[in-house]
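Chemist: The structure follows.
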Amino acid sequence: MATLHVLSHSPFTDSRLSSCLRILGGQDALLLCGDAVYALQAGSAQWLALELMPERIRLYALDEDVRARGLASPPRLTMVDYSGFVALSCQYDKVNTWL
């Protein structure tokens with residue numbers, strides 16, 4: 001069962017990102033939004049962990065949040081707007097929001 005995992009908390013304040021990365025399955029996807037997009041800071045351990053994820057796991061980020069924080073988008077990242085967020089939520093069998 002394919003799951004969309006949604007993270008919104010900064011990866012520098014808790015371990016949600018690392019916990020999520022450990023359980024991602026081959027058909028799953030990860031959507032970063034809110035402060036979770038700070039994981040995209042080039043050179044950080046979190047960025048490296050995202051870069052090392054298997055290619056079959058899709059990586060998304062909310063465009064508005066990435067731009068608001070002045071971050072760059074790595075090549076394998078797909079940027080989505082709010083409509084895209086809704087579409088992803090419908091595309092996957094389950095949505096797991098890491099609160």
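So you can find residues: chains in the structure tokens are A, B, ... in the order shown, residues in each start at 1, and ligands are numbered from 1 in order.
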Do you know which residues are at most 7 Å from Leu59 in chain A counting only C-alpha atoms, after dropping those on the same chain fewer than 5 positions away, and could you put them as a PyMOL selection string?
Modeler: chain A and resi 29-31+77-78
Chemist: Keeping only all heavy atoms, take the residues you just selected and write them out as a PDB file, in the first residue's frame.
Modeler:
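again_18.pdb written:
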```pdb
ATOM      1  N   ALA A  29       6.024   8.057  -0.825  1.00  0.00           N
ATOM      2  CA  ALA A  29       6.531   9.376  -1.199  1.00  0.00           C
ATOM      3  C   ALA A  29       6.622  10.222   0.062  1.00  0.00           C
ATOM      4  O   ALA A  29       5.933   9.959   1.055  1.00  0.00           O
ATOM      5  CB  ALA A  29       5.609  10.036  -2.209  1.00  0.00           C
ATOM      6  N   LEU A  30       7.459  11.236  -0.005  1.00  0.00           N
ATOM      7  CA  LEU A  30       7.647  12.160   1.099  1.00  0.00           C
ATOM      8  C   LEU A  30       7.371  13.566   0.606  1.00  0.00           C
ATOM      9  O   LEU A  30       7.926  13.984  -0.412  1.00  0.00           O
ATOM     10  CB  LEU A  30       9.078  12.054   1.632  1.00  0.00           C
ATOM     11  CG  LEU A  30       9.506  13.050   2.704  1.00  0.00           C
ATOM     12  CD1 LEU A  30       8.638  12.926   3.952  1.00  0.00           C
ATOM     13  CD2 LEU A  30      10.975  12.844   3.053  1.00  0.00           C
ATOM     14  N   LEU A  31       6.501  14.273   1.322  1.00  0.00           N
ATOM     15  CA  LEU A  31       6.188  15.668   1.006  1.00  0.00           C
ATOM     16  C   LEU A  31       6.644  16.535   2.171  1.00  0.00           C
ATOM     17  O   LEU A  31       6.187  16.351   3.305  1.00  0.00           O
ATOM     18  CB  LEU A  31       4.689  15.855   0.772  1.00  0.00           C
ATOM     19  CG  LEU A  31       4.211  17.290   0.615  1.00  0.00           C
ATOM     20  CD1 LEU A  31       4.779  17.929  -0.646  1.00  0.00           C
ATOM     21  CD2 LEU A  31       2.698  17.354   0.606  1.00  0.00           C
ATOM     22  N   LEU A  77      13.927  16.648  -6.505  1.00  0.00           N
ATOM     23  CA  LEU A  77      12.743  17.130  -5.790  1.00  0.00           C
ATOM     24  C   LEU A  77      11.703  17.657  -6.788  1.00  0.00           C
ATOM     25  O   LEU A  77      12.041  18.386  -7.713  1.00  0.00           O
ATOM     26  CB  LEU A  77      13.154  18.256  -4.838  1.00  0.00           C
ATOM     27  CG  LEU A  77      12.033  18.883  -4.021  1.00  0.00           C
ATOM     28  CD1 LEU A  77      11.720  18.014  -2.814  1.00  0.00           C
ATOM     29  CD2 LEU A  77      12.440  20.260  -3.562  1.00  0.00           C
ATOM     30  N   THR A  78      10.463  17.293  -6.578  1.00  0.00           N
ATOM     31  CA  THR A  78       9.370  17.829  -7.379  1.00  0.00           C
ATOM     32  C   THR A  78       8.630  18.848  -6.528  1.00  0.00           C
ATOM     33  O   THR A  78       8.179  18.529  -5.423  1.00  0.00           O
ATOM     34  CB  THR A  78       8.392  16.708  -7.808  1.00  0.00           C
ATOM     35  OG1 THR A  78       9.108  15.720  -8.544  1.00  0.00           O
ATOM     36  CG2 THR A  78       7.253  17.271  -8.639  1.00  0.00           C
TER      37      THR A  78
END
```
Chemist: Within 12 Å of Tyr60 in chain A, counting only C-alpha atoms, which residues qualify if same-chain residues fewer than 5 places away don't, as an mmCIF file with C-alpha atoms, in the first residue's frame?
Modeler:
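To be explicit, this is the file written out as selection_21.cif:
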```
data_model
loop_
_atom_site.group_PDB
_atom_site.id
_atom_site.type_symbol
_atom_site.label_atom_id
_atom_site.label_comp_id
_atom_site.auth_asym_id
_atom_site.auth_seq_id
_atom_site.Cartn_x
_atom_site.Cartn_y
_atom_site.Cartn_z
ATOM 1 C CA LEU A 4 2.303 9.738 1.169
ATOM 2 C CA HIS A 5 4.246 10.875 4.239
ATOM 3 C CA VAL A 6 3.792 14.565 5.074
ATOM 4 C CA LEU A 7 6.319 16.336 7.289
ATOM 5 C CA ASP A 28 5.935 5.669 -0.785
ATOM 6 C CA ALA A 29 6.531 9.376 -1.199
ATOM 7 C CA LEU A 30 7.647 12.160 1.099
ATOM 8 C CA LEU A 31 6.188 15.668 1.006
ATOM 9 C CA LEU A 32 8.021 18.401 2.893
ATOM 10 C CA CYS A 33 6.047 21.484 3.881
ATOM 11 C CA ALA A 36 10.321 20.622 7.194
ATOM 12 C CA VAL A 37 11.672 22.212 3.995
ATOM 13 C CA ALA A 39 15.900 19.708 5.348
ATOM 14 C CA LEU A 40 16.733 21.037 1.864
ATOM 15 C CA LEU A 50 17.255 12.875 1.333
ATOM 16 C CA ASP A 65 7.344 27.075 1.673
ATOM 17 C CA VAL A 66 10.627 26.480 -0.170
ATOM 18 C CA SER A 73 15.330 22.895 -5.029
ATOM 19 C CA PRO A 74 17.570 19.811 -5.466
ATOM 20 C CA PRO A 75 17.263 18.082 -8.868
ATOM 21 C CA ARG A 76 15.297 15.037 -7.681
ATOM 22 C CA LEU A 77 12.743 17.130 -5.790
ATOM 23 C CA THR A 78 9.370 17.829 -7.379
ATOM 24 C CA MET A 79 7.834 21.129 -6.327
ATOM 25 C CA VAL A 80 4.058 21.217 -5.869
ATOM 26 C CA ASP A 81 1.532 23.926 -5.118
ATOM 27 C CA TYR A 82 -1.522 23.463 -2.907
ATOM 28 C CA GLY A 84 -0.652 19.477 -6.290
ATOM 29 C CA PHE A 85 -0.686 18.677 -2.570
ATOM 30 C CA LEU A 88 -0.929 13.765 -4.227
ATOM 31 C CA SER A 89 -3.214 13.081 -1.275
#
```
Chemist: Ranking A:Pro54, A:Gly43, A:Gly34, A:Gly70 by minimum distance to Arg22 in chain A and counting only C-alpha atoms, which one comes first?
Modeler: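 Answer, going by the shortest atom-to-atom distance: A:Pro54.
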Chemist: Check the smallest atom-to-atom distance from each of A:Gln46, A:Gln41, A:Thr3, A:Gln91 to Ser19 in chain A using only C-alpha atoms, then report the winner.
Modeler: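 When distances to Ser19 in chain A are compared using only C-alpha atoms, the smallest one comes from A:Gln46.
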Chemist: Determine which residues of chain A receive a DSSP assignment of alpha helix (DSSP H), computed from the backbone, and state them as a PyMOL selection string.
Modeler: chain A and resi 16-23+45-51+63-68+82-91
Chemist: Could you pull the residues within 9 Å of Tyr38 in chain A, counting only C-alpha atoms, minus those fewer than 5 positions along the same chain, as number ranges by chain?
Modeler: A: 9-12, 32, 46-47, 66, 69, 71
Chemist: Would you please extract all strand (DSSP E) residues from chain A, as assigned by DSSP on the backbone, and give them as a list in words?
Modeler: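 Matching residues, listed in order: Thr3, Leu4, His5, Val6, Leu7, Ala29, Leu30, Leu31, Leu32, Arg58, Leu59, Tyr60, Ala61, Leu62, Leu77, Thr78, Met79, Val80, Lys94, Val95, Asn96, Thr97 and Trp98 of chain A.
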Chemist: Could you please determine the separation between CA of Arg16 in chain A and CA of Ala87 in chain A in Å, to one decimal place?
Modeler: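 Interatomic distance, CA of Arg16 in chain A to CA of Ala87 in chain A: 23.7 Å.
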Chemist: Rounded to one decimal, what separation in Å do you get between CA of Gly26 in chain A and CA of Ser83 in chain A?
Modeler: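 CA of Ser83 in chain A lies 24.4 Å from CA of Gly26 in chain A.
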Chemist: Got a sec: who's within 9 Å of Gly25 in chain A, counting only C-alpha atoms, leaving out chain neighbours fewer than 5 positions off, as a PDB file with N, CA and C atoms, in the first residue's frame?
Modeler:
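Result file result_2.pdb:
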```
ATOM      1  N   MET A   1       0.854  -1.178   0.000  1.00  0.00           N
ATOM      2  CA  MET A   1       0.000   0.000   0.000  1.00  0.00           C
ATOM      3  C   MET A   1       0.896   1.236   0.000  1.00  0.00           C
ATOM      4  N   ALA A   2       0.759   2.070  -1.010  1.00  0.00           N
ATOM      5  CA  ALA A   2       1.579   3.273  -1.157  1.00  0.00           C
ATOM      6  C   ALA A   2       1.085   4.366  -0.214  1.00  0.00           C
ATOM      7  N   THR A   3       2.031   4.987   0.478  1.00  0.00           N
ATOM      8  CA  THR A   3       1.707   6.020   1.461  1.00  0.00           C
ATOM      9  C   THR A   3       2.432   7.311   1.134  1.00  0.00           C
ATOM     10  N   ILE A  57      11.609   6.159  -4.396  1.00  0.00           N
ATOM     11  CA  ILE A  57      10.819   6.923  -3.427  1.00  0.00           C
ATOM     12  C   ILE A  57      10.758   8.363  -3.902  1.00  0.00           C
TER      13      ILE A  57
END
```
Chemist: One decimal, in Å: what's the spacing between CA of Ala42 in chain A and CA of Ala72 in chain A?
Modeler: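 Pair CA of Ala42 in chain A / CA of Ala72 in chain A returns 8.1 Å.
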Chemist: Pick out the closest residue to Gln27 in chain A from this set: A:Ser8, A:Leu52, A:Asp63, A:Tyr92. Count only C-alpha atoms.
Modeler: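 Answer, going by the shortest atom-to-atom distance: A:Tyr92.
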